[in-house]
Structure formats: structure tokens, C-alpha cells
>>> print(open('work04.txt').read())   # compact mmCIF, C-alpha atoms and all ligand atoms
# COMPACT_ATOMS: atom_id res chain seq x y z
CA MET A 29 6.58 -29.68 -8.62
CA ASN A 30 4.33 -26.73 -7.86
CA LYS A 31 2.03 -26.61 -4.86
CA TYR A 32 -1.49 -25.37 -5.40
CA LEU A 33 -4.43 -24.31 -3.25
CA LEU A 34 -7.92 -24.73 -4.62
CA VAL A 35 -10.67 -22.35 -3.54
CA ILE A 36 -14.32 -23.16 -4.00
CA ASN A 37 -17.02 -20.52 -3.61
CA ALA A 38 -20.41 -22.04 -4.31
CA GLY A 39 -22.95 -19.18 -4.46
CA SER A 40 -26.66 -19.17 -5.11
CA SER A 41 -26.39 -18.88 -8.89
CA SER A 42 -22.73 -19.62 -9.54
CA ILE A 43 -19.73 -21.68 -8.50
CA LYS A 44 -16.61 -19.60 -8.50
CA PHE A 45 -13.25 -21.24 -8.05
CA ALA A 46 -9.60 -20.33 -8.10
CA VAL A 47 -6.28 -22.08 -8.19
CA TYR A 48 -3.43 -20.41 -6.28
CA ARG A 49 0.22 -21.34 -6.62
CA TRP A 50 2.19 -21.25 -3.41
CA ALA A 51 5.87 -21.25 -2.63
CA PRO A 52 7.03 -20.74 0.97
CA SER A 53 9.13 -17.71 0.01
CA SER A 54 6.40 -15.91 -1.94
CA GLN A 55 2.87 -14.65 -1.73
CA LEU A 56 -0.07 -16.66 -2.97
CA ILE A 57 -0.12 -16.24 -6.73
CA VAL A 58 -3.42 -16.67 -8.46
CA ASP A 59 -2.92 -19.06 -11.34
CA ALA A 60 -6.46 -19.41 -12.63
CA ASN A 61 -9.81 -17.94 -11.72
CA GLY A 62 -12.98 -19.45 -13.04
CA GLN A 63 -16.67 -19.78 -12.65
CA ILE A 64 -19.73 -21.48 -13.88
CA ASP A 65 -22.48 -18.90 -13.64
CA GLY A 66 -26.11 -18.93 -14.69
CA ILE A 67 -26.53 -22.41 -13.19
CA GLU A 68 -30.15 -23.54 -13.73
CA ASN A 69 -30.59 -20.75 -16.27
CA GLN A 70 -27.95 -20.44 -18.98
CA PRO A 71 -24.72 -21.99 -17.71
CA ASN A 72 -21.52 -20.42 -18.87
CA PHE A 73 -18.02 -21.72 -18.07
CA THR A 74 -15.16 -19.25 -17.99
CA ILE A 75 -11.59 -19.50 -16.73
CA LYS A 76 -8.86 -16.88 -16.96
CA ASN A 77 -5.22 -17.12 -16.01
CA SER A 78 -3.43 -14.54 -13.85
CA TYR A 79 -2.85 -12.27 -16.87
CA GLY A 80 -6.54 -12.22 -17.71
CA VAL A 81 -6.00 -14.52 -20.68
CA VAL A 82 -9.08 -16.60 -21.28
CA LEU A 83 -8.32 -20.32 -20.84
CA VAL A 84 -11.89 -21.51 -21.18
CA GLU A 85 -14.99 -19.70 -22.39
CA ARG A 86 -17.99 -21.71 -23.39
CA THR A 87 -21.69 -21.98 -22.91
CA LEU A 88 -22.60 -25.30 -21.38
CA SER A 89 -25.49 -27.40 -22.51
CA VAL A 90 -28.26 -28.30 -20.09
CA ASP A 91 -27.12 -31.91 -20.40
CA GLU A 92 -23.69 -30.94 -19.09
CA VAL A 93 -24.81 -28.55 -16.31
CA HIS A 94 -28.28 -28.25 -14.84
CA ASP A 95 -27.52 -27.95 -11.12
CA HIS A 96 -24.62 -27.40 -8.71
CA LYS A 97 -23.67 -31.09 -8.68
CA SER A 98 -23.19 -31.29 -12.43
CA ALA A 99 -21.28 -27.98 -12.36
CA ILE A 100 -18.84 -29.47 -9.82
CA ALA A 101 -18.26 -32.42 -12.15
CA VAL A 102 -17.28 -30.04 -14.98
CA ILE A 103 -14.82 -28.17 -12.72
CA ARG A 104 -13.34 -31.44 -11.50
CA ALA A 105 -12.73 -32.66 -15.05
CA TRP A 106 -10.99 -29.38 -15.93
CA LEU A 107 -8.75 -29.56 -12.81
CA GLU A 108 -7.62 -33.05 -13.70
CA GLU A 109 -6.44 -31.81 -17.09
CA TYR A 110 -4.94 -28.56 -15.79
CA LEU A 111 -2.82 -29.59 -12.80
CA THR A 112 -0.12 -31.52 -14.63
CA ASP A 113 2.95 -29.70 -13.22
CA GLY A 114 2.12 -29.94 -9.54
CA SER A 115 -0.43 -30.96 -6.97
CA LEU A 116 -3.01 -29.51 -4.67
CA ILE A 117 -2.06 -29.17 -1.01
CA ALA A 118 -5.38 -27.93 0.40
CA VAL A 119 -8.89 -26.85 -0.49
CA GLY A 120 -10.54 -23.76 1.00
CA HIS A 121 -14.31 -23.56 0.89
CA ARG A 122 -16.70 -20.67 1.35
CA VAL A 123 -19.38 -21.63 3.83
CA VAL A 124 -22.12 -19.07 4.22
CA HIS A 125 -23.28 -19.91 7.74
CA GLY A 126 -21.02 -20.65 10.68
CA GLY A 127 -23.73 -20.16 13.29
CA GLN A 128 -22.81 -19.15 16.82
CA HIS A 129 -19.83 -21.43 17.19
CA TYR A 130 -17.67 -20.92 14.11
CA SER A 131 -16.24 -17.44 14.13
CA THR A 132 -12.88 -18.34 12.55
CA PRO A 133 -11.90 -20.72 9.71
CA VAL A 134 -11.86 -24.41 10.67
CA LEU A 135 -10.43 -27.66 9.37
CA ILE A 136 -13.47 -29.67 8.32
CA ASP A 137 -14.01 -33.03 9.99
CA ALA A 138 -17.10 -35.22 10.26
CA LYS A 139 -18.40 -33.45 13.39
CA ILE A 140 -17.98 -29.99 11.90
CA PHE A 141 -19.66 -31.12 8.69
CA THR A 142 -22.68 -32.32 10.70
CA ASP A 143 -22.78 -29.05 12.67
CA LEU A 144 -22.78 -27.13 9.38
CA GLU A 145 -25.52 -29.36 7.98
CA ASN A 146 -27.64 -28.40 10.98
CA LEU A 147 -27.40 -24.78 9.84
CA ILE A 148 -28.98 -25.52 6.43
CA PRO A 149 -32.42 -24.23 7.53
CA LEU A 150 -30.80 -20.84 8.27
CA ALA A 151 -29.36 -20.45 4.75
CA PRO A 152 -31.22 -22.89 2.48
CA LEU A 153 -30.17 -21.11 -0.71
CA HIS A 154 -26.44 -21.43 0.06
CA GLN A 155 -25.45 -23.86 2.79
CA PRO A 156 -26.57 -26.98 0.85
CA HIS A 157 -24.46 -25.91 -2.17
CA ASN A 158 -21.47 -25.09 0.04
CA LEU A 159 -21.71 -28.47 1.76
CA ALA A 160 -22.34 -30.36 -1.49
CA ALA A 161 -19.11 -28.85 -2.82
CA ILE A 162 -17.21 -29.85 0.33
CA HIS A 163 -18.62 -33.36 0.15
CA ALA A 164 -17.79 -33.74 -3.56
CA PHE A 165 -14.25 -32.39 -3.25
CA GLN A 166 -13.52 -34.33 -0.04
CA LYS A 167 -14.49 -37.43 -1.95
CA ILE A 168 -12.12 -36.79 -4.83
CA LEU A 169 -9.35 -35.29 -2.66
CA PRO A 170 -9.69 -37.23 0.62
CA ASN A 171 -6.09 -36.78 1.80
CA LEU A 172 -6.03 -32.98 1.66
CA PRO A 173 -7.00 -30.55 4.40
CA HIS A 174 -10.35 -28.94 3.59
CA VAL A 175 -10.87 -25.60 5.33
CA ALA A 176 -14.23 -23.89 5.84
CA CYS A 177 -14.23 -20.08 5.80
CA PHE A 178 -17.43 -18.44 6.97
CA ASP A 179 -19.46 -15.49 5.67
CA THR A 180 -20.79 -14.87 9.15
CA ALA A 181 -17.40 -14.74 10.94
CA PHE A 182 -16.51 -11.11 10.09
CA HIS A 183 -19.62 -9.81 11.88
CA ARG A 184 -19.03 -11.55 15.19
CA SER A 185 -17.10 -8.45 16.32
CA GLN A 186 -20.36 -6.44 16.38
CA HIS A 187 -21.66 -5.04 19.63
CA GLU A 188 -24.29 -7.34 21.13
CA ILE A 189 -26.94 -4.64 20.67
CA ALA A 190 -26.37 -4.76 16.88
CA GLN A 191 -26.87 -8.53 16.93
CA ARG A 192 -30.05 -8.64 19.05
CA PHE A 193 -33.67 -8.92 17.99
CA ALA A 194 -36.25 -7.47 20.40
CA LEU A 195 -37.48 -10.96 21.26
CA PRO A 196 -37.46 -12.62 24.70
CA ARG A 197 -33.86 -13.15 25.79
CA HIS A 198 -33.86 -16.94 25.63
CA PHE A 199 -34.18 -16.81 21.81
CA PHE A 200 -30.87 -14.95 21.59
CA ASP A 201 -29.25 -17.56 23.84
CA GLU A 202 -30.65 -20.24 21.53
CA GLY A 203 -28.99 -18.58 18.51
CA VAL A 204 -31.80 -16.42 17.13
CA LEU A 205 -29.71 -13.35 16.39
CA ARG A 206 -28.45 -11.17 13.56
CA TYR A 207 -25.48 -13.04 12.06
CA GLY A 208 -24.82 -11.01 8.91
CA PHE A 209 -23.27 -12.44 5.70
CA HIS A 210 -20.87 -11.61 2.83
CA GLY A 211 -18.17 -11.39 5.54
CA LEU A 212 -15.37 -12.78 3.36
CA SER A 213 -16.10 -10.11 0.78
CA TYR A 214 -16.10 -7.35 3.42
CA GLU A 215 -12.89 -8.70 4.96
CA TYR A 216 -11.20 -8.58 1.55
CA ILE A 217 -12.42 -5.01 0.86
CA VAL A 218 -11.11 -3.93 4.27
CA SER A 219 -7.69 -5.34 3.36
CA VAL A 220 -7.61 -3.36 0.09
CA LEU A 221 -9.01 0.05 1.14
CA PRO A 222 -5.88 1.40 2.91
CA THR A 223 -3.89 0.79 -0.29
CA LEU A 224 -6.26 3.19 -2.10
CA ASP A 225 -6.13 5.87 0.59
CA PRO A 226 -4.51 5.41 4.03
CA ILE A 227 -7.35 7.47 5.58
CA LEU A 228 -9.74 4.63 4.80
CA ALA A 229 -8.07 2.36 7.39
CA SER A 230 -9.89 4.17 10.19
CA ALA A 231 -12.73 5.86 8.29
CA ARG A 232 -16.48 5.31 8.73
CA ILE A 233 -17.32 3.24 5.69
CA ILE A 234 -20.34 1.57 4.16
CA VAL A 235 -19.52 -1.25 1.76
CA ALA A 236 -22.34 -2.12 -0.64
CA HIS A 237 -21.99 -5.75 -1.74
CA LEU A 238 -24.56 -5.82 -4.54
CA GLY A 239 -24.75 -9.18 -6.32
CA SER A 240 -27.45 -11.84 -6.58
CA GLY A 241 -27.44 -11.60 -2.82
CA ALA A 242 -27.00 -8.02 -1.62
CA SER A 243 -26.10 -6.45 1.67
CA LEU A 244 -24.48 -3.37 3.16
CA CYS A 245 -21.95 -3.36 5.96
CA ALA A 246 -20.98 -0.47 8.22
CA ILE A 247 -17.27 -0.72 8.95
CA GLN A 248 -15.01 1.29 11.23
CA ASN A 249 -11.37 0.57 12.03
CA GLY A 250 -11.69 -2.49 9.82
CA ARG A 251 -14.46 -4.01 11.96
CA SER A 252 -18.09 -4.72 11.20
CA ILE A 253 -20.33 -2.37 13.20
CA ALA A 254 -23.70 -3.27 11.64
CA THR A 255 -25.00 -4.99 8.54
CA THR A 256 -28.28 -5.31 6.68
CA MET A 257 -28.54 -9.10 6.54
CA GLY A 258 -29.63 -10.68 9.79
CA PHE A 259 -30.53 -14.15 11.03
CA SER A 260 -30.57 -15.39 7.44
CA PRO A 261 -29.44 -14.01 4.06
CA LEU A 262 -33.06 -12.97 3.47
CA ASP A 263 -32.96 -9.75 5.46
CA GLY A 264 -32.16 -6.20 4.37
CA LEU A 265 -31.93 -5.18 0.73
CA VAL A 266 -34.05 -6.26 -2.24
CA MET A 267 -32.11 -9.08 -3.96
CA GLY A 268 -32.32 -11.11 -7.16
CA THR A 269 -34.98 -13.47 -5.85
CA ARG A 270 -35.04 -12.63 -2.12
CA CYS A 271 -37.41 -10.15 -0.52
CA GLY A 272 -35.11 -8.36 1.93
CA SER A 273 -36.66 -6.74 5.02
CA LEU A 274 -40.26 -7.75 5.49
CA ASP A 275 -42.69 -6.85 8.24
CA PRO A 276 -43.13 -10.13 10.18
CA GLY A 277 -46.85 -9.31 10.16
CA VAL A 278 -46.83 -10.23 6.45
CA LEU A 279 -45.75 -13.77 7.36
CA LEU A 280 -48.54 -14.07 9.92
CA TYR A 281 -51.00 -12.88 7.28
CA LEU A 282 -49.71 -15.32 4.64
CA MET A 283 -49.93 -18.21 7.10
CA ALA A 284 -53.39 -17.30 8.38
CA HIS A 285 -55.05 -16.20 5.12
CA HIS A 286 -53.17 -18.10 2.42
CA GLY A 287 -52.59 -21.24 4.48
CA MET A 288 -48.87 -21.04 3.66
CA LYS A 289 -46.65 -23.57 5.41
CA PRO A 290 -42.91 -22.98 6.13
CA SER A 291 -41.83 -24.73 2.91
CA ALA A 292 -44.15 -22.55 0.78
CA LEU A 293 -42.92 -19.42 2.58
CA GLU A 294 -39.31 -20.47 2.00
CA GLN A 295 -39.99 -20.89 -1.71
CA LEU A 296 -41.72 -17.49 -1.89
CA LEU A 297 -39.17 -15.52 0.13
CA TYR A 298 -35.96 -17.07 -1.24
CA HIS A 299 -36.86 -17.89 -4.84
CA GLU A 300 -39.85 -15.88 -6.07
CA SER A 301 -39.41 -12.43 -4.51
CA GLY A 302 -36.94 -9.58 -4.91
CA LEU A 303 -36.23 -8.22 -8.39
CA LEU A 304 -37.86 -11.29 -9.94
CA GLY A 305 -41.04 -11.04 -7.89
CA VAL A 306 -41.54 -7.31 -8.34
CA SER A 307 -40.71 -7.23 -12.06
CA GLY A 308 -42.26 -10.57 -12.94
CA ILE A 309 -39.52 -10.66 -15.60
CA SER A 310 -36.08 -11.53 -14.29
CA SER A 311 -33.82 -11.65 -11.25
CA ASP A 312 -30.94 -10.33 -13.34
CA MET A 313 -30.28 -6.62 -13.03
CA ARG A 314 -28.88 -6.52 -16.60
CA THR A 315 -32.15 -7.77 -18.05
CA LEU A 316 -34.20 -5.30 -15.99
CA LEU A 317 -32.02 -2.33 -16.93
CA ALA A 318 -32.39 -3.25 -20.62
CA SER A 319 -36.17 -3.53 -20.38
CA ASP A 320 -38.75 -0.81 -21.10
CA ASN A 321 -41.38 -2.63 -19.10
CA PRO A 322 -42.66 -0.35 -16.25
CA LYS A 323 -42.57 -3.31 -13.84
CA ALA A 324 -38.85 -3.80 -14.56
CA LYS A 325 -38.30 -0.08 -13.92
CA GLU A 326 -40.24 -0.29 -10.65
CA ALA A 327 -38.17 -3.28 -9.46
CA VAL A 328 -34.96 -1.32 -10.15
CA GLU A 329 -36.31 1.78 -8.38
CA LEU A 330 -37.31 -0.28 -5.34
CA PHE A 331 -33.83 -1.88 -5.24
CA VAL A 332 -32.19 1.56 -5.30
CA TYR A 333 -34.66 3.12 -2.84
CA ARG A 334 -34.04 0.41 -0.28
CA VAL A 335 -30.26 0.72 -0.62
CA GLY A 336 -30.70 4.46 -0.02
CA LEU A 337 -32.75 3.87 3.14
CA GLU A 338 -30.25 1.38 4.52
CA ILE A 339 -27.35 3.74 3.82
CA GLY A 340 -29.16 6.18 6.10
CA SER A 341 -29.63 3.52 8.75
CA LEU A 342 -25.99 2.35 8.71
CA THR A 343 -24.75 5.95 8.68
CA ALA A 344 -26.64 6.38 11.96
CA ALA A 345 -24.93 3.24 13.33
CA LEU A 346 -21.54 4.72 12.38
CA GLY A 347 -22.37 8.24 13.62
CA GLY A 348 -21.58 9.68 10.17
CA LEU A 349 -20.12 8.55 6.89
CA ASP A 350 -16.72 9.08 5.25
CA ALA A 351 -16.81 6.63 2.34
CA LEU A 352 -19.17 4.47 0.30
CA VAL A 353 -17.69 1.46 -1.51
CA PHE A 354 -19.43 -0.53 -4.27
CA THR A 355 -18.60 -4.14 -4.92
CA ALA A 356 -19.91 -7.52 -6.30
CA GLY A 357 -21.70 -8.14 -9.63
CA ILE A 358 -24.01 -5.11 -9.71
CA GLY A 359 -21.80 -2.82 -7.61
CA GLU A 360 -18.72 -3.42 -9.76
CA HIS A 361 -20.35 -3.42 -13.19
CA SER A 362 -23.41 -1.19 -13.22
CA ALA A 363 -22.59 2.51 -13.51
CA ILE A 364 -26.32 3.30 -13.76
CA ILE A 365 -27.15 1.66 -10.44
CA ARG A 366 -24.17 3.32 -8.75
CA ASP A 367 -25.32 6.65 -10.16
CA LYS A 368 -28.84 6.16 -8.81
CA ILE A 369 -27.62 5.03 -5.37
CA CYS A 370 -25.19 7.95 -5.08
CA GLY A 371 -28.14 10.18 -5.98
CA GLN A 372 -29.85 8.86 -2.84
CA ALA A 373 -26.81 9.79 -0.76
CA VAL A 374 -26.45 13.44 -1.87
CA TRP A 375 -27.88 14.56 1.47
CA LEU A 376 -24.84 12.97 3.15
CA GLY A 377 -22.49 15.17 1.14
CA LEU A 378 -21.67 12.59 -1.54
CA GLU A 379 -20.98 14.17 -4.91
CA LEU A 380 -20.60 11.67 -7.75
CA ASP A 381 -18.08 12.25 -10.52
CA SER A 382 -20.31 11.03 -13.36
CA SER A 383 -17.57 10.58 -15.89
CA ALA A 384 -15.33 8.67 -13.46
CA ASN A 385 -18.33 6.49 -12.66
CA ALA A 386 -19.18 5.87 -16.30
CA ALA A 387 -15.52 5.08 -17.03
CA GLY A 388 -15.45 2.51 -14.21
CA GLN A 389 -12.68 4.27 -12.29
CA THR A 390 -11.77 3.25 -8.76
CA ARG A 391 -12.65 6.58 -7.15
CA ILE A 392 -15.97 7.87 -8.44
CA SER A 393 -16.59 10.90 -6.20
CA THR A 394 -15.49 14.44 -7.03
CA PRO A 395 -12.41 15.88 -5.28
CA ASN A 396 -14.72 18.12 -3.19
CA SER A 397 -17.12 15.40 -2.14
CA MET A 398 -17.43 15.18 1.66
CA VAL A 399 -18.10 11.46 1.39
CA THR A 400 -15.79 9.63 -1.01
CA ALA A 401 -17.16 6.88 -3.27
CA TRP A 402 -15.23 3.92 -4.63
CA VAL A 403 -15.60 0.85 -6.82
CA VAL A 404 -13.51 -2.05 -5.54
CA PRO A 405 -13.76 -5.52 -7.07
CA THR A 406 -14.23 -8.05 -4.33
CA ASP A 407 -12.19 -11.24 -4.11
CA GLU A 408 -13.71 -13.69 -1.67
CA ASN A 409 -11.48 -16.37 -3.19
CA ARG A 410 -8.25 -14.65 -2.19
CA MET A 411 -9.57 -14.21 1.34
CA ILE A 412 -10.39 -17.93 1.49
CA ALA A 413 -6.97 -18.82 0.06
CA SER A 414 -5.15 -16.75 2.66
CA HIS A 415 -7.22 -18.22 5.50
CA THR A 416 -6.50 -21.70 4.14
CA LEU A 417 -2.79 -20.99 3.96
CA ALA A 418 -2.84 -19.66 7.53
CA MET A 419 -4.53 -22.91 8.58
CA LEU A 420 -1.84 -24.98 6.81
CA ARG A 421 0.84 -22.99 8.60
CA SER A 422 -0.79 -23.48 11.98
CA LEU A 423 -1.11 -27.22 11.28
CA ASP A 424 2.56 -27.30 10.33
CA GLU A 425 3.55 -25.49 13.53
CA SER A 426 1.71 -28.09 15.56
CA GLN A 427 3.54 -30.94 13.71
CA PRO A 428 7.11 -32.17 14.19
CA LYS A 429 9.44 -30.31 11.77
CA GLY A 430 9.72 -31.52 8.18
CA GLY A 431 6.02 -31.26 7.37
CA CYS A 432 4.74 -30.38 3.94
CA CYS A 433 4.37 -26.61 4.41
N1 LIG A 501 -23.05 -5.07 -16.12
C1 LIG A 501 -23.96 -5.37 -15.19
N2 LIG A 501 -24.99 -4.55 -14.96
C2 LIG A 501 -25.92 -4.84 -14.03
N3 LIG A 501 -25.89 -5.94 -13.27
C3 LIG A 501 -24.88 -6.81 -13.45
C4 LIG A 501 -23.86 -6.57 -14.41
N4 LIG A 501 -22.99 -7.61 -14.36
C5 LIG A 501 -23.45 -8.45 -13.40
N5 LIG A 501 -24.59 -7.97 -12.86
C6 LIG A 501 -25.43 -8.56 -11.80
O1 LIG A 501 -24.62 -9.22 -10.85
C7 LIG A 501 -25.30 -10.41 -10.41
C8 LIG A 501 -24.33 -11.46 -9.97
O2 LIG A 501 -23.48 -10.91 -9.00
P1 LIG A 501 -22.43 -11.83 -8.23
O3 LIG A 501 -21.79 -11.00 -7.19
O4 LIG A 501 -21.53 -12.49 -9.21
O5 LIG A 501 -23.48 -12.86 -7.63
P2 LIG A 501 -23.42 -14.14 -6.74
O6 LIG A 501 -21.99 -14.30 -6.24
O7 LIG A 501 -24.33 -13.79 -5.63
O8 LIG A 501 -23.90 -15.27 -7.57
C9 LIG A 501 -26.13 -10.86 -11.60
O9 LIG A 501 -27.29 -11.49 -11.20
C10 LIG A 501 -26.43 -9.55 -12.32
O10 LIG A 501 -27.71 -9.13 -11.92
C1 LIG A 502 -24.92 -14.67 1.53
C2 LIG A 502 -25.31 -14.41 0.14
O1 LIG A 502 -26.34 -13.83 -0.12
O2 LIG A 502 -24.46 -14.85 -0.83
P1 LIG A 502 -24.59 -14.64 -2.42
O3 LIG A 502 -24.51 -13.18 -2.64
O4 LIG A 502 -23.43 -15.39 -2.98
O5 LIG A 502 -25.94 -15.18 -2.83
MG MG A 503 -21.70 -13.83 -4.16
>>> encode(input="work04.txt", output="C-alpha cells", more="lines below")
Ligand SMILES: Nc1ncnc2c1ncn2[C@@H]1O[C@H](COP(=O)(O)OP(=O)(O)O)[C@@H](O)[C@H]1O
Ligand SMILES: CC(=O)OP(=O)(O)O
Ligand SMILES: [Mg+2]
Amino acid sequence: MNKYLLVINAGSSSIKFAVYRWAPSSQLIVDANGQIDGIENQPNFTIKNSYGVVLVERTLSVDEVHDHKSAIAVIRAWLEEYLTDGSLIAVGHRVVHGGQHYSTPVLIDAKIFTDLENLIPLAPLHQPHNLAAIHAFQKILPNLPHVACFDTAFHRSQHEIAQRFALPRHFFDEGVLRYGFHGLSYEYIVSVLPTLDPILASARIIVAHLGSGASLCAIQNGRSIATTMGFSPLDGLVMGTRCGSLDPGVLLYLMAHHGMKPSALEQLLYHESGLLGVSGISSDMRTLLASDNPKAKEAVELFVYRVGLEIGSLTAALGGLDALVFTAGIGEHSAIIRDKICGQAVWLGLELDSSANAAGQTRISTPNSMVTAWVVPTDENRMIASHTLAMLRSLDESQPKGGCC
């Protein structure tokens, strides 16, 4: 009988999942990788096996999937049919916010679950979906270890100065600080870069994770030095529906002159801003790039402009730049956006190889470029799977011999 690990990555607009086969003598082998994306919009269910062969590809009706809960039910039904030659031994979950206390993966128990629930106000677009997935899968798989892997953990290595706001000190002590997100994605990219070029192991790198949520991370010697998201996943870049950096004076104005309460501000800043708010058309970069509407063009230009500014800011944090890496939905798939962003980084000595970029090659800078540019598909799931396996091993070491792993 095969042993499998299940990975669940519940994002703001999608639930990605993966099934990994594990044998003690071998690496984790991805068996199936799937997702339901376009939740609440136009849900689509796709699953591929390790050879890229499509196992499932279908548009889901609104009756079948209209929110994260119904999407989980569809995934569960598929798993029950699929896992006939073995069984699951653990479930690894992406959890966006680990707060101050969770800086490494943890085995989820009732106390930890409550602690993570208390962080919902800090990531209302993600944490509830992450926890709903944990709750649902713990219910159907109650005897398995469920491991939480945090987006915030990778950034805890930052210097305290990079984590501080210029607020009175007691707010920092209370947990009002820059946490940073997309850490599992950055951790994965860091693990891959030296295989592309050994120099990248110690280079000064900016990774641009550009998806529905978007952030940049300055990395040196494999460690996070600074990042554009802060206390919440609202800060930094323009995103699908999130505003990114905003002068706090705007919030004071909206409260004083529009009578906006916290719940109305949350709705505005998380759901109605970003590409959607500026274009008035869509939060999806594909739709905006295909549109001739000047507002769509302006939203795209603002997205690119702000990435350009933040590249400058993170380059200052690194004291220079050796490499720029694109990843996530937009970063991996949109040659036009990469072209525009690299155009903003010419002053740093980055010279784009346009044909390599258009062809979707891994290295997209010219041989003479002082700053190299790369496209590296992220794999948060694999990172979660390997953390989950490490947790199983540590549990096994703490058990009398003869345990399951
Ligand atoms: N070919 C493409 N061109 C431009 N944007 C794309 C393309 N493919 C995907 N995207 C963008 O990627 C986004 C999703 O990125 P992803 O990293 O999967 O998001 P998340 O994990 O945050 O849900 C979509 O909203 C879409 O805007
Ligand atoms: C933290 C975050 O923004 O995640 P996502 O990109 O999945 O929305
Ligand atoms: Mg994501």
C-alpha cells in the first residue's frame, strides 16, 4: 500500500492541492496536482498527474462550487475516488498568518487552532479559508497529523529594523509589526535558485511573487532581508483587489468624511481596490491586458509602476541587486508584464532578452546584463509537503521505534 501526503493551499481565489507519494527510501514524488480556481467567479477544476497528463478538467457549475466550503467538498469527493491503492499519512496546510509565535511549522491541536483563529483580523481574506480547510479536513481525516506551514515564517529572520513601524514601542511589543507573507513561495524559490546558477545561492536577489496577492522579497544568502507586505497582506504592491501601500492619512479621511467603519474599510481595501478598483473592470490581469479600455491600461501601468518603485526600495535594502526573479500567476505567465517591469529596472543594469522572455525561458536577461532576470515557477505545495514530512520524521523520532514513518 502506498503512503500519501495531502497538501492544501487555500488562497484568496483558489484552492490548490497536491498529493505526494512517499517511500522512506525516496524523495517525495508528486502524484497529482490540482486546483479549483475562479471560486466565486467562474470555478474551474483541474488536476494533472506527475507527467502533466490531465486527470480532471472541467468547469464547475455555481450549484457545485460557489465558495471555499463547496470547493473543499468537491476535492474531498475526488480524493475518495482517487486514493484506492494506498492511504494518506498526513495533511500539510498553508496558513497565511502565524503571528509572532509561530515561526516554524506546527502540528495543529485545539489550542493552536484557536491561536490561529485569533489572527483572522490580520488576514481576513486568507486566514478564514485556511482554517476552514483545516477544520473540514480534520473532520474527515481525524486520525492524521495536520501540519500548519506559515507564510509569515520565512520573514522572521529579518533584522528588527525591517520589521518595525515608527509607532510607539509598545505597539511592536503587542505584535504590531511588519510580518511579510508569501514566505512558503520564497522559501521554495530559494531552494531552486542554486540549481539554476550556483552564484544565486549568495546573490542579492529580489523575488517578485505576482499573483492575485503580490509582493516582492529581498533575499540574500537565502534569507529574507525585507519584503513589501507588512502587518497584513494589504501592504506594498497593487494587487487583484487589494490597494497595496496607502498613506494612513487616507484612512483618517475616509473615517472622518465618509463615516467609514472598520468593516466598510476592510471591504474597500481587501475586495474593491487594486486592479479591480482602478480599472472598474476586473481583478484579473488577463482581462485587463486584453482590454482596450483606458482605465484597464491605467490599472496595468499603476501595477507595473509600483513594482518598479518597490524594486528600487528593496535594492536599497540589499545594497545593490544581482538578480530579479519572477514567479506566481502573473510573474510566471505574463511576458508583457515582465517586459514592462524589466523596463523599469533598466537603470539597475538589467537588460531583458525579449525573445527569451516571449518564449517563456527560465533565464530572460541577456548574457551581458549586470542584473540577471529569471522566471521560476513557484511550488508552495512542495514546500508544505517537505515541512510536513520533516514533522512526521520528528514525531517518529520522539516515539518508540516501530512507528509509521
Ligand atoms: N497568462 C497570464 N497573463 C496575465 N496574468 C495571468 C496569466 N495567468 C494567470 N494570471 C494572473 O494570475 C493570477 C492568479 O495568480 P496565482 O498566483 O495563481 O494567485 P493566487 O494563488 O493568489 O490565487 C490571476 O488572477 C491572473 O490575474
Ligand atoms: C498572502 C497572499 O496574498 O496570498 P495570495 O497571493 O494567495 O492571495
Ligand atoms: Mg497564491
>>> atom_distance(input="work04.txt", atom1="atom C9 of ligand LIG 501 (chain A)", atom2="CA of Gln166 (chain A)")
29.0 Å
>>> residues_around(input="work04.txt", residues="region 86-91 of chain A", least_positions_apart="2", cutoff="10 Å", atoms="only C-alpha atoms", output="number ranges by chain")
A: 64-75, 84, 93-95, 98-99, 102
>>> residues_near_ligand(input="work04.txt", ligand="ligand LIG 501 (chain A)", cutoff="10 Å", atoms="all atoms listed in the file", output="ChimeraX atom specification")
/A:37-44,63-67,154,210,213,237-242,267-269,303,310-318,355-366,405-406,408
>>> atom_distance(input="work04.txt", atom1="CA of Glu145 (chain A)", atom2="CA of Ala181 (chain A)")
17.0 Å
>>> residues_around(input="work04.txt", residues="Asn249 (chain A)", least_positions_apart="3", cutoff="10 Å", atoms="all atoms listed in the file", output="VMD selection string")
chain A and resid 218 228 to 233 252 to 253
>>> axis_aligned_box(input="work04.txt", around="ligand LIG 502 (chain A)", padding_each_side="4 Å", output="lines of an AutoDock Vina configuration file")
center_x = -24.9
center_y = -14.3
center_z = -0.7
size_x = 10.9
size_y = 10.2
size_z = 12.5
>>> atom_distance(input="work04.txt", atom1="CA of Thr256 (chain A)", atom2="CA of Arg184 (chain A)")
14.0 Å
>>> closest_residue(input="work04.txt", among="A:Lys325, A:His299, A:Arg334, A:His121", to="Ser273 (chain A)", atoms="only C-alpha atoms")
A:Arg334
>>> closest_residue(input="work04.txt", among="A:Ser115, A:Ser301, A:Asn409, A:Ser219", to="Asn171 (chain A)", atoms="only C-alpha atoms")
A:Ser115
>>> residues_around(input="work04.txt", residues="region 125-138 of chain A", least_positions_apart="3", cutoff="9 Å", atoms="only C-alpha atoms", output="VMD selection string")
chain A and resid 141 to 144 147 to 148 150 to 151 154 to 155 162 173 to 184 203 207 209 260 412 415 to 416 419
>>> residues_around(input="work04.txt", residues="Asp263 (chain A)", least_positions_apart="3", cutoff="6 Å", atoms="all atoms listed in the file", output="PyMOL selection string")
chain A and resi 257-258+272-273
>>> write_last_selection(input="work04.txt", atoms="C-alpha atoms", output="JSON list (two decimals), in the coordinates of the input")
[["chain", "number", "residue", "atom", "x", "y", "z"],
["A", 257, "MET", "CA", -28.54, -9.10, 6.54],
["A", 258, "GLY", "CA", -29.63, -10.68, 9.79],
["A", 272, "GLY", "CA", -35.11, -8.36, 1.93],
["A", 273, "SER", "CA", -36.66, -6.74, 5.02]]
>>> residues_near_point(input="work04.txt", point="(-22.4, -3.2, 13.3)", cutoff="7 Å", atoms="only C-alpha atoms", output="ChimeraX atom specification")
/A:186-187,190,246,252-255,345
>>> closest_residue(input="work04.txt", among="A:Ser422, A:Pro149, A:Ala118, A:Ile168", to="Ala105 (chain A)", atoms="all atoms listed in the file")
A:Ile168
>>> closest_residue(input="work04.txt", among="A:Val332, A:Ile339, A:Ala418, A:Leu212", to="ligand LIG 502 (chain A)", atoms="only C-alpha atoms and all ligand atoms")
A:Leu212
>>> closest_residue(input="work04.txt", among="A:Ser414, A:Pro222, A:Arg270, A:His285", to="ligand LIG 502 (chain A)", atoms="all atoms listed in the file")
A:Arg270
>>> residues_around(input="work04.txt", residues="Ile189 (chain A)", least_positions_apart="4", cutoff="10 Å", atoms="all atoms listed in the file", output="PyMOL selection string")
chain A and resi 193-194+206+254
>>> write_last_selection(input="work04.txt", atoms="C-alpha atoms", output="PDB file, in the frame of the given file")
ATOM      1  CA  PHE A 193     -33.670  -8.920  17.990  1.00  0.00           C
ATOM      2  CA  ALA A 194     -36.250  -7.470  20.400  1.00  0.00           C
ATOM      3  CA  ARG A 206     -28.450 -11.170  13.560  1.00  0.00           C
ATOM      4  CA  ALA A 254     -23.700  -3.270  11.640  1.00  0.00           C
TER       5      ALA A 254
END
>>> closest_residue(input="work04.txt", among="A:Leu297, A:Leu420, A:Leu83, A:Pro261", to="ligand LIG 502 (chain A)", atoms="all atoms listed in the file")
A:Pro261
